[in-house]
>>> print(open('entry36.cif').read())   # mmCIF, C-alpha atoms
data_model
#
loop_
_atom_site.label_atom_id
_atom_site.label_comp_id
_atom_site.auth_asym_id
_atom_site.auth_seq_id
_atom_site.Cartn_x
_atom_site.Cartn_y
_atom_site.Cartn_z
CA MET A 574 99.44 109.72 98.08
CA SER A 575 96.78 107.36 99.34
CA ILE A 576 94.43 105.98 96.72
CA PHE A 577 91.53 106.52 99.11
CA SER A 578 92.40 110.15 99.74
CA ILE A 579 92.45 111.18 96.11
CA ALA A 580 89.58 113.54 95.44
CA LYS A 581 87.32 112.26 92.68
CA LYS A 582 87.68 115.49 90.77
CA PRO A 583 87.02 115.37 87.04
CA LEU A 584 90.12 114.74 84.99
CA ASP A 585 91.09 117.05 82.17
CA ASP A 586 90.16 114.93 79.13
CA GLN A 587 92.25 117.07 76.79
CA LEU A 588 95.31 116.58 78.93
CA ILE A 589 94.77 112.83 79.19
CA MET A 590 94.35 112.56 75.43
CA ALA A 591 97.48 114.63 74.85
CA TYR A 592 99.43 112.37 77.20
CA LEU A 593 98.17 109.29 75.38
CA GLN A 594 99.18 110.70 72.01
CA GLN A 595 102.61 111.71 73.33
CA GLN A 596 103.14 108.16 74.55
CA ARG A 597 103.02 109.26 78.18
CA ILE A 598 100.78 106.22 78.69
CA ASN A 599 101.90 105.57 82.24
CA GLU A 600 100.91 108.98 83.57
CA ALA A 601 97.58 109.06 81.75
CA VAL A 602 96.60 105.53 82.77
CA GLN A 603 97.67 106.13 86.37
CA ALA A 604 95.46 109.24 86.57
CA MET A 605 92.46 107.38 85.12
CA TYR A 606 92.96 104.46 87.52
CA GLU A 607 93.00 106.81 90.48
CA ALA A 608 89.90 108.64 89.31
CA TRP A 609 87.63 105.88 88.03
CA PHE A 610 88.82 102.45 89.21
CA GLU A 611 86.79 102.25 92.41
CA GLU A 612 83.57 103.42 90.76
CA THR A 613 83.88 100.88 87.96
CA ILE A 614 84.56 98.04 90.40
CA GLY A 615 81.48 99.15 92.34
CA TYR A 616 79.39 98.89 89.17
CA ILE A 617 80.66 95.38 88.35
CA GLU A 618 80.03 94.24 91.92
CA LYS A 619 76.49 95.61 91.77
CA GLN A 620 75.98 93.60 88.59
CA GLY A 621 76.95 90.39 90.35
CA GLY A 622 80.68 90.29 89.60
CA SER A 623 83.47 89.92 92.09
CA TRP A 624 86.09 92.53 92.94
CA ASP A 625 88.62 90.62 90.82
CA ASP A 626 86.19 90.56 87.89
CA GLY A 627 85.86 94.31 88.23
CA ALA A 628 89.63 94.81 88.28
CA ASP A 629 90.09 92.64 85.16
CA ILE A 630 87.29 94.39 83.29
CA PHE A 631 88.75 97.78 84.20
CA GLN A 632 92.18 96.78 82.91
CA GLU A 633 90.78 95.50 79.61
CA SER A 634 88.58 98.58 79.23
CA MET A 635 91.55 100.85 79.87
CA LEU A 636 93.51 99.09 77.15
CA THR A 637 90.66 99.49 74.69
CA LEU A 638 90.30 103.17 75.59
CA VAL A 639 93.99 103.87 75.08
CA GLU A 640 93.99 102.21 71.69
CA LYS A 641 90.82 103.95 70.57
CA VAL A 642 92.15 107.33 71.61
CA ARG A 643 95.48 106.72 69.91
CA ASN A 644 94.03 105.49 66.63
CA GLY A 645 91.45 108.28 66.52
CA GLU A 646 88.33 106.15 67.05
CA TYR A 647 87.42 108.21 70.10
CA LYS A 648 85.82 111.38 68.76
CA ALA A 649 85.31 113.14 72.12
CA GLN A 650 81.54 113.14 71.66
CA SER A 651 81.28 112.05 75.29
CA SER A 652 83.69 112.46 78.19
CA LEU A 653 86.50 109.95 78.59
CA LYS A 654 84.84 108.71 81.78
CA THR A 655 81.54 108.04 80.02
CA PHE A 656 83.42 106.39 77.19
CA LEU A 657 85.36 104.14 79.56
CA THR A 658 82.23 103.26 81.54
CA GLY A 659 80.48 102.30 78.31
CA ILE A 660 83.38 100.03 77.32
CA ALA A 661 83.40 98.42 80.77
CA LYS A 662 79.64 97.79 80.68
CA ASN A 663 79.89 96.17 77.26
CA LYS A 664 82.83 94.02 78.29
CA TRP A 665 81.06 92.88 81.44
CA ALA A 666 77.88 92.07 79.49
CA THR A 667 79.97 90.02 77.01
CA GLU A 668 81.78 88.27 79.86
CA GLN A 669 78.48 87.37 81.50
CA ARG A 670 77.12 85.98 78.23
CA THR A 671 80.32 83.93 77.73
CA ARG A 672 80.12 82.58 81.25
CA GLY A 673 76.45 81.72 80.80
CA ARG A 674 77.14 79.87 77.55
CA ARG A 675 80.08 78.04 79.10
CA ALA A 676 78.04 77.02 82.11
CA ARG A 677 75.23 75.72 79.91
CA ARG A 678 77.63 73.77 77.72
CA GLU A 679 79.42 72.35 80.71
CA ALA A 680 76.11 71.22 82.10
CA THR A 681 75.18 69.60 78.78
CA TYR A 682 78.50 68.07 77.76
CA GLN A 683 79.89 67.51 81.19
CA ASP A 684 83.05 69.58 80.72
CA THR A 685 84.13 67.89 77.44
CA HIS A 686 84.11 71.19 75.56
CA THR A 687 85.70 73.35 78.20
CA GLN A 688 89.14 73.40 76.59
CA ASP A 689 87.80 74.40 73.18
CA GLU A 690 85.68 77.06 74.80
CA ASP A 691 88.62 78.43 76.72
CA TYR A 692 90.78 78.48 73.61
CA GLU A 693 88.04 80.29 71.71
CA HIS A 694 87.75 82.80 74.52
CA TRP A 695 91.52 83.27 74.57
CA LEU A 696 91.68 83.81 70.81
CA SER A 697 88.95 86.41 70.97
CA GLU A 698 91.21 88.55 73.09
CA THR A 699 93.64 90.58 71.00
CA THR A 700 95.81 91.10 74.02
CA GLY A 701 95.92 87.40 74.60
CA GLN A 702 97.11 86.78 71.03
CA LEU A 703 99.79 89.42 71.26
CA GLU A 704 101.00 88.02 74.55
CA GLY A 705 101.39 84.65 72.84
CA VAL A 706 103.18 86.04 69.80
CA PHE A 707 105.64 88.16 71.79
CA GLY A 708 106.12 85.36 74.26
CA GLN A 709 107.39 83.22 71.37
CA LEU A 710 109.66 86.01 70.19
CA GLY A 711 111.56 86.00 73.44
CA ASP A 712 112.80 88.69 75.78
CA ILE A 713 115.67 90.00 73.63
CA CYS A 714 113.45 90.55 70.59
CA GLN A 715 110.81 92.20 72.77
CA ARG A 716 113.37 94.62 74.18
CA ILE A 717 114.81 95.48 70.76
CA LEU A 718 111.49 95.91 68.96
CA ILE A 719 109.76 97.82 71.74
CA GLY A 720 112.90 99.92 72.35
CA PHE A 721 113.25 100.86 68.71
CA TYR A 722 109.66 101.17 67.50
CA TRP A 723 107.78 102.24 70.65
CA GLN A 724 110.33 103.97 72.84
CA LYS A 725 111.98 105.44 69.73
CA LYS A 726 115.47 104.66 70.99
CA SER A 727 118.40 105.03 68.62
CA MET A 728 120.49 101.98 67.73
CA ARG A 729 123.33 103.45 69.83
CA ALA A 730 121.07 103.79 72.89
CA LEU A 731 119.75 100.27 72.33
CA LEU A 732 123.27 98.92 72.05
CA GLU A 733 124.10 100.37 75.49
CA SER A 734 121.21 98.56 77.08
CA THR A 735 121.97 95.21 75.43
CA ASP A 736 124.93 92.83 75.20
CA PHE A 737 125.50 93.02 71.44
CA LYS A 738 129.03 93.57 70.11
CA ASN A 739 128.23 96.43 67.80
CA GLU A 740 125.43 98.25 66.04
CA GLN A 741 125.62 96.04 62.98
CA VAL A 742 125.04 92.87 64.99
CA LEU A 743 122.18 94.58 66.77
CA ARG A 744 120.72 95.77 63.48
CA ASN A 745 120.88 92.19 62.13
CA LYS A 746 119.13 90.94 65.26
CA LYS A 747 116.43 93.58 64.93
CA THR A 748 115.80 92.51 61.32
CA THR A 749 115.59 88.86 62.38
CA CYS A 750 113.18 89.71 65.18
CA MET A 751 110.96 91.71 62.86
CA LYS A 752 110.91 88.84 60.32
CA GLN A 753 109.97 86.38 63.10
CA LEU A 754 107.24 88.69 64.29
CA LYS A 755 105.76 88.94 60.83
CA VAL A 756 105.81 85.15 60.46
CA LEU A 757 104.13 84.64 63.83
CA LEU A 758 101.47 87.21 63.05
CA GLN A 759 100.84 85.53 59.71
CA GLN A 760 100.48 82.17 61.45
CA GLY A 761 98.06 83.74 63.90
CA ARG A 762 95.96 85.17 61.09
CA GLU A 763 95.89 81.79 59.31
CA ALA A 764 94.87 80.06 62.51
CA MET A 765 92.04 82.54 62.95
CA GLU A 766 90.89 82.01 59.35
CA LEU A 767 90.93 78.22 59.81
CA LYS A 768 88.71 78.61 62.85
CA MET B 84 119.77 92.88 45.48
CA LEU B 85 118.89 94.50 48.82
CA THR B 86 119.77 92.85 52.12
CA ASP B 87 117.05 92.19 54.70
CA ASN B 88 118.46 94.99 56.85
CA GLU B 89 118.22 97.45 53.99
CA THR B 90 114.68 96.39 53.06
CA LEU B 91 113.59 96.86 56.66
CA GLN B 92 115.22 100.27 56.83
CA TRP B 93 113.37 101.44 53.72
CA LEU B 94 110.09 100.09 55.01
CA ASP B 95 110.64 101.91 58.33
CA LYS B 96 111.43 105.17 56.52
CA TRP B 97 108.20 104.82 54.57
CA ALA B 98 106.16 103.90 57.71
CA ASP B 99 107.63 106.95 59.48
CA LYS B 100 106.54 109.04 56.48
CA GLU B 101 110.11 110.02 55.66
CA ILE B 102 109.69 108.81 52.08
CA SER B 103 106.71 108.37 49.76
CA LEU B 104 105.38 105.06 48.47
CA GLU B 105 106.93 105.82 45.08
CA ALA B 106 110.31 106.38 46.69
CA LEU B 107 109.94 103.10 48.58
CA GLU B 108 109.03 101.34 45.37
CA ALA B 109 112.18 102.68 43.76
CA ALA B 110 114.33 101.83 46.77
CA LEU B 111 113.02 98.26 46.73
CA GLN B 112 113.87 98.09 43.03
CA TYR B 113 110.32 98.07 41.71
CA PRO B 114 108.80 94.87 43.03
CA GLN B 115 105.43 93.68 41.73
CA ALA B 116 102.53 95.83 42.92
CA ALA B 117 100.95 92.94 44.85
CA THR B 118 104.26 92.13 46.53
CA LEU B 119 104.80 95.76 47.51
CA GLU B 120 101.27 95.98 48.89
CA ALA B 121 101.73 92.80 50.90
CA MET B 122 105.11 93.97 52.23
CA THR B 123 103.84 97.37 53.33
CA LYS B 124 100.66 95.92 54.84
CA GLU B 125 102.60 93.27 56.73
CA HIS B 126 105.10 95.83 57.96
CA LEU B 127 102.45 98.23 59.24
CA GLN B 128 100.66 95.40 60.99
CA ALA B 129 103.89 94.30 62.67
CA ARG B 130 104.58 97.82 63.88
CA GLN B 131 100.98 98.13 65.08
CA ALA B 132 101.38 94.84 66.96
CA ILE B 133 104.55 96.13 68.64
CA GLU B 134 102.76 99.31 69.67
CA SER B 135 99.72 97.42 70.98
CA PHE B 136 101.91 95.01 72.92
CA ALA B 137 103.94 97.88 74.39
CA ILE B 138 100.77 99.72 75.44
CA ALA B 139 99.33 96.54 76.95
CA ARG B 140 102.54 96.06 78.89
CA GLU B 141 102.43 99.60 80.27
CA VAL B 142 98.75 99.36 81.20
CA ARG B 143 99.38 96.00 82.87
CA SER B 144 102.30 97.43 84.79
CA VAL B 145 100.19 100.37 86.05
CA HIS B 146 97.35 97.95 86.81
CA THR B 147 99.53 95.59 88.83
CA ALA B 148 101.10 98.38 90.88
CA PHE B 149 97.77 100.12 91.42
CA VAL B 150 95.88 96.98 92.44
CA GLN B 151 98.69 95.99 94.79
CA GLN B 152 98.64 99.41 96.47
CA TYR B 153 94.84 99.44 96.51
CA ARG B 154 94.65 96.02 98.16
CA ALA B 155 97.30 96.99 100.72
CA GLN B 156 95.45 100.16 101.64
CA ARG B 157 92.13 98.33 101.77
CA GLN B 158 93.67 95.70 104.03
CA ALA B 159 95.17 98.39 106.24
CA LYS B 160 91.79 100.12 106.42
CA THR B 161 90.04 96.84 107.27
CA PHE B 162 92.76 96.10 109.81
CA ARG B 163 92.26 99.51 111.45
CA ILE B 164 88.49 98.96 111.65
CA LYS B 165 89.08 95.43 112.94
CA THR B 166 91.59 96.67 115.51
CA LEU B 167 89.20 99.39 116.66
CA SER B 168 86.28 96.97 116.97
CA THR B 169 88.54 94.45 118.74
CA THR B 170 89.60 97.16 121.20
CA ILE B 171 85.98 98.13 121.83
CA MET B 172 85.05 94.47 122.31
CA ARG B 173 87.96 94.00 124.71
CA VAL B 174 86.99 97.05 126.74
CA ALA B 175 83.37 95.84 126.85
CA ALA B 176 84.48 92.35 127.84
CA THR B 177 86.72 93.81 130.57
CA ILE B 178 83.81 95.86 131.92
CA VAL B 179 81.56 92.78 131.89
CA VAL B 180 84.24 90.70 133.65
CA LEU B 181 84.85 93.46 136.22
CA LEU B 182 81.12 93.76 136.84
CA GLY B 183 80.91 90.00 137.18
CA VAL B 184 83.87 89.92 139.56
CA PHE B 185 82.39 92.81 141.55
CA THR B 186 79.00 91.07 141.77
CA LEU B 187 80.53 87.73 142.68
CA GLY B 188 82.80 89.45 145.20
CA ASN B 189 79.84 91.23 146.64
CA ILE B 190 77.96 87.96 146.95
CA TRP B 191 80.98 86.18 148.37
CA LEU B 192 81.72 88.90 150.90
CA THR B 193 78.13 89.39 152.03
CA ASP B 194 77.49 86.80 154.77
CA THR B 195 74.03 85.83 155.93
CA ASN B 196 74.37 88.02 159.04
CA ALA B 197 75.06 91.05 156.88
CA LEU B 198 72.12 90.14 154.69
CA TYR B 199 69.96 89.76 157.79
CA ARG B 200 71.02 93.24 158.99
CA GLN B 201 70.11 94.68 155.57
CA LEU B 202 66.62 93.16 155.73
CA ASP B 203 65.90 93.56 159.43
CA GLU B 204 63.33 96.25 160.16
CA PRO B 205 62.45 97.19 163.72
CA TYR B 206 58.81 96.51 164.48
CA TYR B 207 56.88 99.29 166.19
CA ILE B 208 53.40 99.16 167.72
CA ALA B 209 51.15 101.99 168.59
CA ASN B 210 50.06 102.49 172.23
CA GLU B 211 46.89 100.59 172.88
CA ARG B 212 45.11 99.29 175.90
CA SER B 213 42.00 97.18 176.16
CA SER B 214 40.22 96.17 179.33
CA SER B 215 38.91 93.00 177.70
CA ARG B 216 42.42 91.49 177.49
CA PRO B 217 44.11 89.81 180.46
CA ALA B 218 46.62 91.91 182.35
CA GLU B 219 49.55 89.78 181.05
CA ALA B 220 48.60 90.65 177.49
CA ASP B 221 48.82 94.35 178.20
CA SER B 222 52.06 93.79 180.02
CA ILE B 223 53.49 92.07 176.91
CA ILE B 224 52.67 95.15 174.84
CA ILE B 225 54.32 97.39 177.40
CA ALA B 226 57.42 95.16 177.51
CA PHE B 227 57.48 94.93 173.71
CA GLN B 228 57.33 98.73 173.34
CA ALA B 229 60.16 98.96 175.86
CA LYS B 230 62.08 96.38 173.78
CA ASP B 231 62.36 94.22 176.86
CA TYR B 232 62.20 91.02 174.85
CA ALA B 233 63.19 88.72 177.73
CA GLN B 234 60.21 90.07 179.66
CA VAL B 235 58.01 89.52 176.58
CA ALA B 236 59.07 85.88 176.47
CA GLN B 237 58.47 85.45 180.16
CA LEU B 238 55.01 87.02 180.08
CA PHE B 239 54.10 84.96 177.02
CA ASP B 240 54.86 81.77 178.89
CA GLN B 241 52.32 82.80 181.55
CA LEU B 242 49.49 83.19 179.07
CA GLU B 243 47.02 80.36 178.94
CA GLN B 244 45.42 81.23 175.64
CA PRO B 245 47.72 83.49 173.59
CA GLY B 246 46.18 85.16 170.54
CA SER B 247 47.70 86.07 167.20
CA ARG B 248 49.25 89.27 168.53
CA GLU B 249 50.89 87.59 171.49
CA LEU B 250 52.22 84.82 169.29
CA PHE B 251 53.76 87.38 166.96
CA PHE B 252 55.27 89.47 169.76
CA ALA B 253 56.74 86.39 171.37
CA GLY B 254 58.11 85.17 168.03
CA TYR B 255 59.60 88.56 167.23
CA ALA B 256 61.06 88.79 170.77
CA ALA B 257 62.65 85.34 170.40
CA LEU B 258 64.25 86.45 167.12
CA GLN B 259 65.67 89.55 168.79
CA LEU B 260 67.05 87.32 171.54
CA ASN B 261 68.75 85.17 168.87
CA ASN B 262 66.53 82.28 169.83
CA THR B 263 65.76 81.44 166.25
CA ASP B 264 64.30 77.95 166.88
CA THR B 265 61.67 79.39 169.22
CA ALA B 266 61.03 82.30 166.84
CA ILE B 267 60.45 79.87 163.95
CA ALA B 268 58.19 77.65 166.04
CA LEU B 269 56.06 80.57 167.28
CA LEU B 270 55.73 82.32 163.95
CA GLU B 271 54.92 79.03 162.17
CA GLN B 272 52.35 78.43 164.88
CA LEU B 273 50.83 81.85 164.16
CA ARG B 274 50.61 81.04 160.44
CA ALA B 275 48.97 77.69 161.23
CA TYR B 276 46.59 79.36 163.65
CA ASN B 277 45.59 81.92 161.03
CA GLN B 278 45.06 79.21 158.50
CA LEU B 279 42.98 77.22 160.93
CA THR B 280 40.82 80.15 161.97
CA ASN B 281 40.78 81.58 158.50
CA THR B 282 42.08 84.89 159.78
CA TYR B 283 45.03 87.03 158.71
CA PHE B 284 46.04 88.84 161.87
CA TYR B 285 49.74 89.64 161.78
CA GLN B 286 50.00 87.33 158.77
CA ASP B 287 52.34 89.60 156.73
CA ASP B 288 54.47 90.40 159.79
CA ALA B 289 54.70 86.75 160.72
CA GLU B 290 55.80 85.76 157.21
CA TYR B 291 58.46 88.43 156.97
CA TYR B 292 60.01 87.83 160.38
CA LEU B 293 59.70 84.06 159.91
CA ALA B 294 61.83 84.48 156.76
CA LEU B 295 64.33 86.52 158.75
CA SER B 296 64.35 83.84 161.45
CA TYR B 297 65.15 81.16 158.88
CA LEU B 298 67.85 83.42 157.46
CA LYS B 299 69.41 83.95 160.86
CA ALA B 300 69.14 80.22 161.59
CA GLY B 301 71.01 79.45 158.36
CA ASN B 302 68.08 77.77 156.63
CA LEU B 303 68.62 79.65 153.40
CA ASP B 304 66.19 77.61 151.28
CA GLU B 305 63.19 78.41 153.47
CA ALA B 306 64.28 82.02 153.83
CA TYR B 307 64.67 82.37 150.05
CA HIS B 308 61.28 80.84 149.26
CA LEU B 309 59.46 83.03 151.78
CA LEU B 310 61.24 86.22 150.74
CA THR B 311 60.66 85.48 147.04
CA ALA B 312 56.95 84.93 147.67
CA ILE B 313 56.78 88.24 149.58
CA GLN B 314 58.72 90.10 146.90
CA HIS B 315 56.44 88.77 144.17
CA ASN B 316 53.27 89.79 146.03
CA PRO B 317 52.60 93.48 145.38
CA GLU B 318 49.96 93.58 148.14
CA HIS B 319 52.30 92.28 150.82
CA THR B 320 53.18 94.82 153.53
CA TYR B 321 56.88 94.02 153.28
CA GLN B 322 57.12 93.70 149.46
CA SER B 323 59.14 96.89 149.06
CA SER B 324 61.51 95.88 151.86
CA ILE B 325 63.09 93.18 149.74
CA GLY B 326 65.26 94.19 146.83
CA LYS B 327 66.31 92.07 143.83
CA LYS B 328 69.91 92.39 144.94
CA GLU B 329 69.19 90.74 148.30
CA LEU B 330 67.30 87.94 146.58
CA LEU B 331 70.17 87.43 144.10
CA ILE B 332 72.72 87.26 146.90
CA LEU B 333 70.56 84.81 148.83
CA ARG B 334 70.00 82.72 145.71
CA CYS B 335 73.74 82.52 145.04
CA LYS B 336 74.51 81.85 148.68
CA ARG B 337 72.31 78.76 148.49
CA TRP B 338 74.57 77.37 145.74
CA LEU B 339 77.89 78.28 147.34
#
>>> encode(input="entry36.cif", output="structure tokens")
Amino acid sequence: MSIFSIAKKPLDDQLIMAYLQQQRINEAVQAMYEAWFEETIGYIEKQGGSWDDGADIFQESMLTLVEKVRNGEYKAQSSLKTFLTGIAKNKWATEQRTRGRRARREATYQDTHTQDEDYEHWLSETTGQLEGVFGQLGDICQRILIGFYWQKKSMRALLESTDFKNEQVLRNKKTTCMKQLKVLLQQGREAMELK
Amino acid sequence: MLTDNETLQWLDKWADKEISLEALEAALQYPQAATLEAMTKEHLQARQAIESFAIAREVRSVHTAFVQQYRAQRQAKTFRIKTLSTTIMRVAATIVVLLGVFTLGNIWLTDTNALYRQLDEPYYIANERSSSRPAEADSIIIAFQAKDYAQVAQLFDQLEQPGSRELFFAGYAALQLNNTDTAIALLEQLRAYNQLTNTYFYQDDAEYYLALSYLKAGNLDEAYHLLTAIQHNPEHTYQSSIGKKELLILRCKRWL
């Protein structure tokens, strides 16, 4: 179905929340994109952002919404749309402040602090940190950990989708991956504390 | 001593709420309270990180597919609008070119004789007779009314002192006889005579037929200037006889 032909009918918040809790993230997120993406982009553009800014802000806001719904922070005091719009507005305001600060510093220090600033900005993004940590873990560990803990696959099912000899070898690898993950997360926390 | 695999299994059972904290403590062979707390906290955080990363990956995957489809549809929409406007512009351009070609063709195909025929108006005079005029003058009027232009020319030559009317009739007759040089000379003479005597008898007629004489003689510059002056003068008798189209054709003919 065409994105442009989708009627902007209100989504069923209860259904979306149920999908998010049941880990049917894809379906829920897809529905919210189709319903609210264009409107949010329009808001960001009106506030001086570009279309790409709007798309990035929407993606980040969607991630925040999913996490807040899943961990119970969203209390349904407002509709999901209002909630998402609020998140997007806050994120855009923060982004504008960051850009303003960066621009002022660049003007003052003639770009000498840009790298630090970018690193700081990167660290402030949880998603960014996780990307880094899982990037270091490697593809095999990502597949095993996500398959087992998120997709709730059994060791037998995981074995079929990997190249390991038997379940025991796979189990050993899973344990190693989990240990590495814990170490990397610990290092990340220490780095944050040092900052 | 538990292996790492076993420790992880027990921690997972506890995180999945299959066993209580006390059961976990027993399974892990009663570690120190602080150690147990650190292990459970670290394990929950790791599992939370896996979940967050998995969610981020799914959202990103939806985002990428959606944005790609959105951009493609937006481009297609823009392309359709662009194509439509291009088609409209092409049609408009074709019409303009066709009109231009038609106009140029019209100008090219209209020769000065055809233009002359379009502008030529027969001159009529009312019957009049005056005993104060010489007999030849009355004869000229009679010949003119009868369109016997050769007779008009002949009678004019016999006049010793032709007036404005006779000059005009003779000039007009010469034009009808295709004697454009004589027509131009006589009608110019009438204009000069009027200017000299500060009179305007047959002035408008003389100007219009003088222009036609120049046109017929192929002197397009003079014809154009006279006709333009007539067309721009709302009080001129022949102003409405000259259209913009004729002037445009004449103007272009001068350049070709």
>>> atom_distance(input="entry36.cif", atom1="atom CA of Asp99 of chain B", atom2="atom CA of Lys755 of chain A")
18.2 Å
>>> resolve_selection(input="entry36.cif", expression="the PyMOL selection byres ((chain B) within 7 of (chain A))", output="NGL selection string")
:B and (87-88 or 91 or 125 or 129 or 133-134 or 136-137 or 139 or 141-142 or 145-146 or 153)
>>> residues_around(input="entry36.cif", residues="Ser247 of chain B", least_positions_apart="3", cutoff="8 Å", atoms="only C-alpha atoms", output="list in words")
Leu250, Phe251, Leu273, Tyr276, Asn277, Phe284 and Tyr285 of chain B
>>> resolve_selection(input="entry36.cif", expression="the PyMOL selection byres ((chain B and resi 292) around 10)", output="list in words")
Leu202, Asp203, Glu204, Tyr206, Phe251, Gly254, Tyr255, Leu258, Ala266, Ile267, Leu270, Asp287, Asp288, Ala289, Glu290, Tyr291, Leu293, Ala294, Leu295, Ser296, Tyr297, Leu298, Ala306, Leu309, Leu310 and Tyr321 of chain B
>>> resolve_selection(input="entry36.cif", expression="the PyMOL selection byres ((chain B and resi 195) around 9)", output="MDAnalysis selection string")
chainID B and resid 193:194 196:200 298:299 301 303 333 336
>>> residues_around(input="entry36.cif", residues="segment 177-190 of chain B", least_positions_apart="4", cutoff="10 Å", atoms="all atoms listed in the file", output="PyMOL selection string")
chain B and resi 171-173+194+198+328-329+331-336+339
>>> atom_distance(input="entry36.cif", atom1="atom CA of Met605 of chain A", atom2="atom CA of Glu618 of chain A")
19.3 Å
>>> closest_residue(input="entry36.cif", among="B:His319, B:Ala116, B:Phe149, B:Ile224", to="Tyr283 of chain B", atoms="all atoms listed in the file")
B:His319
>>> residues_around(input="entry36.cif", residues="Leu743 of chain A", least_positions_apart="6", cutoff="9 Å", atoms="only C-alpha atoms", output="PyMOL selection string")
chain A and resi 717+728+731-732+735+737
>>> residues_around(input="entry36.cif", residues="Pro114 of chain B", least_positions_apart="5", cutoff="12 Å", atoms="all atoms listed in the file", output="PDB file with C-alpha atoms, in the frame of the given file")
ATOM      1  CA  MET B  84     119.770  92.880  45.480  1.00  0.00           C
ATOM      2  CA  LEU B  85     118.890  94.500  48.820  1.00  0.00           C
ATOM      3  CA  THR B  90     114.680  96.390  53.060  1.00  0.00           C
ATOM      4  CA  GLU B 105     106.930 105.820  45.080  1.00  0.00           C
ATOM      5  CA  LEU B 107     109.940 103.100  48.580  1.00  0.00           C
ATOM      6  CA  GLU B 108     109.030 101.340  45.370  1.00  0.00           C
ATOM      7  CA  ALA B 109     112.180 102.680  43.760  1.00  0.00           C
ATOM      8  CA  LEU B 119     104.800  95.760  47.510  1.00  0.00           C
ATOM      9  CA  GLU B 120     101.270  95.980  48.890  1.00  0.00           C
ATOM     10  CA  ALA B 121     101.730  92.800  50.900  1.00  0.00           C
ATOM     11  CA  MET B 122     105.110  93.970  52.230  1.00  0.00           C
ATOM     12  CA  THR B 123     103.840  97.370  53.330  1.00  0.00           C
TER      13      THR B 123
END
>>> atom_distance(input="entry36.cif", atom1="atom CA of Gln152 of chain B", atom2="atom CA of Ala591 of chain A")
26.5 Å
>>> residues_around(input="entry36.cif", residues="Asp240 of chain B", least_positions_apart="6", cutoff="12 Å", atoms="all atoms listed in the file", output="MDAnalysis selection string")
chainID B and resid 219:220 223 233:234 249:250 252:254 269
>>> closest_residue(input="entry36.cif", among="A:Met590, A:Gln709, A:Trp665, A:Ile630", to="Lys648 of chain A", atoms="only C-alpha atoms")
A:Met590
>>> residues_near_point(input="entry36.cif", point="(80.4, 94.6, 77.6)", cutoff="12 Å", atoms="all atoms listed in the file", output="list in words")
Ile617, Gln620, Gly627, Ile630, Phe631, Glu633, Ser634, Thr637, Leu657, Thr658, Gly659, Ile660, Ala661, Lys662, Asn663, Lys664, Trp665, Ala666, Thr667, Glu668, Gln669, Arg670 and Thr671 of chain A
>>> axis_aligned_box(input="entry36.cif", around="segment 167-185 of chain B", padding_each_side="8 Å", output="lines of an AutoDock Vina configuration file")
center_x = 85.3
center_y = 94.7
center_z = 129.1
size_x = 24.7
size_y = 25.5
size_z = 40.9
>>> closest_residue(input="entry36.cif", among="A:Leu653, A:Ile614, A:Cys750, A:Ala730", to="Arg130 of chain B", atoms="all atoms listed in the file")
A:Cys750
